[in-house]
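Source file: start-v1.txt. Holds: compact mmCIF, C-alpha atoms.
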# COMPACT_ATOMS: atom_id res chain seq x y z
CA MET A 1 33.06 104.79 -44.26
CA GLY A 2 34.92 104.66 -41.01
CA ARG A 3 34.30 107.32 -38.41
CA SER A 4 37.99 107.80 -37.65
CA ARG A 5 38.10 110.49 -40.35
CA ARG A 6 36.07 113.66 -40.10
CA THR A 7 33.84 114.32 -43.07
CA LEU A 8 34.09 117.48 -45.16
CA PRO A 9 30.80 118.91 -43.83
CA GLU A 10 32.13 118.50 -40.28
CA GLU A 11 35.46 120.13 -41.16
CA LEU A 12 33.78 123.02 -42.98
CA LEU A 13 31.54 123.64 -39.98
CA LEU A 14 34.46 123.55 -37.54
CA LEU A 15 36.29 126.07 -39.74
CA ALA A 16 33.28 128.37 -39.61
CA LEU A 17 32.84 128.22 -35.82
CA ASP A 18 34.15 131.32 -34.08
CA PRO A 19 36.09 130.12 -31.00
CA ALA A 20 35.40 133.37 -29.15
CA THR A 21 31.66 133.72 -29.70
CA GLY A 22 30.50 130.19 -30.48
CA THR A 23 28.61 131.42 -33.55
CA THR A 24 29.12 130.37 -37.16
CA ALA A 25 30.48 132.71 -39.79
CA GLN A 26 28.50 133.17 -43.02
CA PRO A 27 25.51 131.17 -41.71
CA GLN A 28 23.31 131.46 -44.81
CA SER A 29 25.93 130.53 -47.38
CA LEU A 30 27.34 127.95 -44.97
CA ASP A 31 24.14 125.91 -45.30
CA LEU A 32 24.74 125.75 -49.06
CA GLY A 33 28.36 124.82 -48.44
CA LEU A 34 27.39 121.96 -46.15
CA ALA A 35 25.09 120.55 -48.84
CA GLY A 36 27.94 120.86 -51.33
CA ALA A 37 30.40 119.29 -48.92
CA GLN A 38 28.13 116.25 -48.70
CA LEU A 39 28.42 115.82 -52.47
CA VAL A 40 32.21 116.07 -52.38
CA GLU A 41 32.42 113.58 -49.51
CA LEU A 42 30.23 111.12 -51.42
CA ALA A 43 32.47 111.58 -54.46
CA LEU A 44 35.60 110.95 -52.39
CA ALA A 45 33.92 107.77 -51.13
CA GLY A 46 33.34 106.66 -54.72
CA ARG A 47 29.54 106.81 -54.50
CA ILE A 48 28.87 109.64 -56.97
CA ALA A 49 30.73 111.24 -59.86
CA PRO A 50 30.38 114.41 -61.94
CA ASP A 51 28.58 114.13 -65.28
CA GLY A 52 29.09 117.53 -66.88
CA ASP A 53 27.38 119.97 -64.51
CA ARG A 54 25.34 117.11 -63.06
CA ILE A 55 25.90 114.56 -60.33
CA ALA A 56 25.43 110.85 -61.05
CA VAL A 57 25.25 107.99 -58.55
CA VAL A 58 27.77 105.31 -59.56
CA VAL A 59 27.77 103.10 -56.44
CA PRO A 60 24.57 103.23 -54.35
CA ARG A 61 26.07 101.24 -51.48
CA PRO A 62 25.69 103.08 -48.12
CA THR A 63 28.74 104.73 -46.60
CA GLY A 64 27.81 104.08 -42.97
CA ASP A 65 27.27 107.78 -42.26
CA PRO A 66 23.50 108.29 -41.75
CA THR A 67 23.37 111.89 -43.00
CA LEU A 68 25.46 111.19 -46.08
CA ASP A 69 23.50 108.04 -46.79
CA CYS A 70 20.24 109.98 -46.65
CA ALA A 71 21.60 112.32 -49.35
CA LEU A 72 22.90 109.37 -51.37
CA GLU A 73 19.52 107.63 -51.28
CA LEU A 74 17.70 110.77 -52.42
CA LEU A 75 20.16 111.14 -55.30
CA ARG A 76 19.62 107.48 -56.20
CA ARG A 77 15.84 107.90 -56.23
CA ARG A 78 16.10 110.69 -58.77
CA GLY A 79 16.96 108.00 -61.33
CA ALA A 80 18.94 110.41 -63.50
CA PRO A 81 21.88 112.72 -62.88
CA VAL A 82 20.85 115.92 -61.08
CA ARG A 83 22.33 119.36 -61.65
CA ALA A 84 24.60 120.36 -58.79
CA VAL A 85 23.06 123.83 -58.54
CA ASN A 86 19.55 122.39 -58.20
CA TRP A 87 20.65 119.97 -55.50
CA ILE A 88 22.60 122.55 -53.50
CA GLY A 89 19.89 125.17 -53.98
CA GLY A 90 17.18 122.94 -52.51
CA PRO A 91 15.72 123.45 -49.02
CA ARG A 92 18.39 122.99 -46.33
CA LEU A 93 16.35 123.67 -43.21
CA GLY A 94 18.16 122.22 -40.22
CA LEU A 95 21.26 120.92 -42.01
CA ARG A 96 23.64 123.06 -39.95
CA GLN A 97 21.89 122.06 -36.72
CA THR A 98 22.10 118.39 -37.70
CA TYR A 99 25.87 118.63 -38.01
CA LEU A 100 26.24 120.76 -34.87
CA SER A 101 24.29 118.15 -32.92
CA HIS A 102 26.47 115.42 -34.40
CA LEU A 103 29.66 117.24 -33.41
CA GLU A 104 28.24 117.65 -29.92
CA ARG A 105 27.53 113.90 -29.66
CA CYS A 106 31.08 113.22 -30.83
CA GLY A 107 32.45 115.52 -28.14
CA MET A 108 34.00 118.00 -30.59
CA VAL A 109 31.79 120.90 -29.44
CA HIS A 110 29.63 121.61 -26.41
CA ALA A 111 26.42 123.61 -26.31
CA VAL A 112 26.24 126.81 -24.27
CA ALA A 113 22.73 128.06 -23.47
CA GLY A 114 22.05 131.78 -23.53
CA GLN A 115 19.43 134.38 -24.33
CA MET A 116 18.92 136.85 -27.14
CA CYS A 117 17.72 140.28 -25.98
CA GLY A 118 17.29 138.75 -22.54
CA VAL A 119 14.23 136.78 -23.68
CA LEU A 120 14.70 134.37 -26.58
CA PRO A 121 16.65 131.20 -25.64
CA THR A 122 19.69 130.61 -27.82
CA THR A 123 22.41 128.00 -28.08
CA ARG A 124 26.02 128.65 -29.01
CA TYR A 125 28.60 125.96 -29.68
CA GLN A 126 32.16 126.06 -28.36
CA ALA A 127 34.87 123.72 -29.59
CA THR A 128 35.97 121.33 -26.87
CA ASP A 129 39.37 120.77 -28.47
CA ASN A 130 40.75 123.70 -30.43
CA GLU A 131 43.59 121.47 -31.61
CA ILE A 132 41.21 119.85 -34.10
CA SER A 133 40.26 123.21 -35.60
CA ARG A 134 43.92 124.25 -35.67
CA GLU A 135 44.82 121.06 -37.55
CA ILE A 136 42.13 121.71 -40.16
CA ARG A 137 43.16 125.35 -40.50
CA GLY A 138 46.82 124.31 -40.68
CA ARG A 139 46.19 122.23 -43.80
CA LEU A 140 44.77 125.27 -45.57
CA ASP A 141 47.56 127.52 -44.32
CA SER A 142 50.18 125.05 -45.54
CA ALA A 143 48.65 124.82 -49.02
CA ILE A 144 48.44 128.61 -49.23
CA ARG A 145 51.94 129.21 -47.88
CA THR A 146 53.87 126.54 -49.79
CA GLY A 147 52.02 126.56 -53.10
CA VAL A 148 52.33 122.76 -53.18
CA PRO A 149 49.18 121.19 -54.70
CA PRO A 150 47.15 119.88 -51.76
CA ASP A 151 45.48 116.49 -51.48
CA PRO A 152 41.94 116.32 -52.96
CA ARG A 153 40.27 116.58 -49.55
CA THR A 154 42.13 119.75 -48.58
CA ALA A 155 41.65 121.22 -52.07
CA ALA A 156 37.90 120.61 -51.84
CA LEU A 157 37.77 122.12 -48.35
CA ALA A 158 39.58 125.22 -49.64
CA ALA A 159 37.18 125.49 -52.57
CA LEU A 160 34.15 125.24 -50.28
CA ALA A 161 35.61 127.69 -47.77
CA HIS A 162 36.10 130.22 -50.56
CA ALA A 163 32.65 129.57 -52.04
CA VAL A 164 30.80 130.29 -48.79
CA GLY A 165 32.88 133.38 -48.01
CA LEU A 166 35.00 132.04 -45.16
CA GLY A 167 38.11 133.64 -46.64
CA LYS A 168 37.42 136.96 -44.91
CA HIS A 169 36.75 135.08 -41.65
CA LEU A 170 39.96 133.02 -41.84
CA TYR A 171 42.21 135.71 -43.37
CA PRO A 172 40.69 139.09 -42.48
CA GLY A 173 41.71 142.61 -43.43
CA ASN A 174 44.15 143.95 -45.96
CA GLU A 175 46.91 141.74 -44.58
CA GLY A 176 44.88 138.67 -45.47
CA ARG A 177 44.16 139.73 -49.05
CA SER A 178 46.90 137.62 -50.66
CA SER A 179 45.92 134.58 -48.59
CA ARG A 180 42.29 134.97 -49.66
CA SER A 181 43.43 135.14 -53.27
CA ARG A 182 45.51 131.98 -52.94
CA LEU A 183 42.62 130.24 -51.14
CA ARG A 184 40.47 131.00 -54.17
CA ASP A 185 43.15 129.64 -56.51
CA LEU A 186 43.18 126.27 -54.72
CA ILE A 187 39.78 125.59 -56.30
CA ARG A 188 41.51 124.30 -59.44
CA HIS A 189 43.17 121.35 -57.69
CA ASP A 190 40.04 119.20 -57.27
CA PRO A 191 37.54 118.90 -60.16
CA MET A 192 34.63 117.77 -57.99
CA GLY A 193 35.36 120.40 -55.36
CA GLY A 194 35.55 123.01 -58.09
CA LEU A 195 32.24 121.92 -59.63
CA VAL A 196 30.48 122.05 -56.27
CA ALA A 197 32.09 125.34 -55.23
CA HIS A 198 31.00 127.01 -58.46
CA ALA A 199 27.49 125.61 -57.94
CA VAL A 200 27.41 127.09 -54.42
CA MET A 201 28.42 130.48 -55.77
CA ASP A 202 25.90 130.23 -58.62
CA VAL A 203 23.09 129.59 -56.15
CA GLN A 204 24.14 132.60 -54.09
CA ASN A 205 24.27 134.76 -57.22
CA GLY A 206 20.84 133.58 -58.34
CA VAL A 207 22.01 132.01 -61.59
CA ALA A 208 20.99 128.42 -60.85
CA ALA A 209 18.10 128.43 -63.31
CA GLN A 210 20.20 127.80 -66.43
CA PRO A 211 23.11 125.37 -66.90
CA ARG A 212 26.47 126.61 -68.08
CA ARG A 213 26.82 126.28 -71.88
CA SER A 214 29.76 126.86 -74.16
CA PRO A 215 29.13 129.33 -77.00
CA ALA A 216 28.25 127.76 -80.35
CA PRO A 217 31.10 127.70 -82.92
CA ALA A 218 31.03 130.44 -85.53
CA GLY A 219 28.88 129.62 -88.52
CA ARG A 220 26.83 127.01 -86.70
CA GLN A 221 23.40 127.36 -85.23
CA ALA A 222 23.30 127.12 -81.46
CA ALA A 223 21.99 123.88 -80.03
CA PRO A 224 18.43 123.82 -78.72
CA GLY A 225 17.88 125.29 -75.28
CA PRO A 226 18.51 123.28 -72.11
CA ARG A 227 15.99 121.00 -70.56
CA PRO A 228 13.81 122.59 -67.91
CA PRO A 229 15.61 122.42 -64.54
CA GLU A 230 14.57 119.70 -62.15
CA PRO A 231 12.74 120.81 -59.04
CA ALA A 232 15.22 121.42 -56.23
CA ARG A 233 15.23 118.90 -53.49
CA GLY A 234 17.06 118.90 -50.19
CA VAL A 235 18.02 116.36 -47.61
CA PRO A 236 15.20 115.86 -45.11
CA MET A 237 16.45 116.82 -41.73
CA GLN A 238 15.88 115.28 -38.35
CA PRO A 239 13.40 117.19 -36.18
CA HIS A 240 14.79 119.38 -33.43
CA ARG A 241 14.55 118.04 -29.92
CA GLY A 242 12.41 120.16 -27.65
CA THR A 243 10.83 122.13 -30.55
CA MET A 244 10.85 125.75 -29.29
CA ALA A 245 12.94 125.02 -26.24
CA ARG A 246 15.87 126.85 -27.75
CA ALA A 247 16.96 128.61 -30.92
CA VAL A 248 20.30 128.19 -32.57
CA ALA A 249 22.38 131.36 -32.74
CA HIS A 250 23.56 132.23 -36.22
Let's see the structure in the file written out as structure tokens.
Amino acid sequence: MGRSRRTLPEELLLLALDPATGTTAQPQSLDLGLAGAQLVELALAGRIAPDGDRIAVVVPRPTGDPTLDCALELLRRRGAPVRAVNWIGGPRLGLRQTYLSHLERCGMVHAVAGQMCGVLPTTRYQATDNEISREIRGRLDSAIRTGVPPDPRTAALAALAHAVGLGKHLYPGNEGRSSRSRLRDLIRHDPMGGLVAHAVMDVQNGVAAQPRRSPAPAGRQAAPGPRPPEPARGVPMQPHRGTMARAVAH
């Protein structure tokens, strides 16, 4: 995968960054969204595909992106398709920081040191080129405004943005209500994005323990219960540099 194109996790994170404060909106759900965005990016690259409510590796060849390839390898090692909710609901410690550090190395953001309560060191991240964020936001605005079905990448980004609650950050107040509604509706334009977005919302709502099942037809006995869910696993993250030297502001 060439690095000329930003990945969906990077775009989702740039959407969530507040240009005024340097903090990220919806930090807790954003971590789930980043894990989901990795799945969609791997699907767009042809490495994985949906299998019902599960994710199957179809091409284990690396993409060239170290963080995505780490996720791909862990999926491959599972040996069998994994439920999207179990994957997304796994530990995500440091995932946001990993992508913030990557964006900093790429020159898209710069770190600003500060203090919380005048004591605890913190780090905020400011975009170095707001034009990039405006371009990403413009794709969503265009899809919402025109009603024209967006490309799969933009549709998936819209689905993830809705799933993590960025709608109220991007389109606040009563005046943004219709835009938030149309953002939600864009979820139907990309099957993989929709699967992942629903999984993100299921994890947040605490319903990841059981897979979705269609009701049994009338007059027929329901099928046996689902298999026990696999243990959730996350992508191991790179250790922070400087350990307690600074804390990341949420």
When distances are computed from all atoms listed in the file, which of A:Leu140, A:His198, A:Ile55, A:Met108 shows the smallest separation from Ala127 in chain A?
->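 So, comparing all the options, the nearest one is A:Met108.
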Point-to-point distance in Å for CA of Pro91 in chain A and CA of Ile48 in chain A |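 Taking CA of Ile48 in chain A as the start and CA of Pro91 in chain A as the end point, the length is 20.7 Å.
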Between A:Leu183, A:Cys106, A:Met192, A:Ala155, which is the closest to Thr128 in chain A once you count all atoms listed in the file?
->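 Smallest separation from Thr128 in chain A among the options: A:Cys106.
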Please indicate the distance in Å from CA of Leu72 in chain A to CA of Pro60 in chain A, rounded to one decimal place.
-> 7.0 Å
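Across the model, the gap from CA of Ala20 in chain A to CA of Ala113 in chain A is 14.9 Å.
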Could you pull the residues within 10 Å of Val58 in chain A, counting only C-alpha atoms, minus those fewer than 5 positions along the same chain, as a PyMOL selection string?
-> chain A and resi 43+46-50+76
Of the residues A:His110, A:Arg61, A:Arg54, A:Arg145, which is the one nearest to Val196 in chain A, using only C-alpha atoms?
->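 Answer, going by the shortest atom-to-atom distance: A:Arg54.
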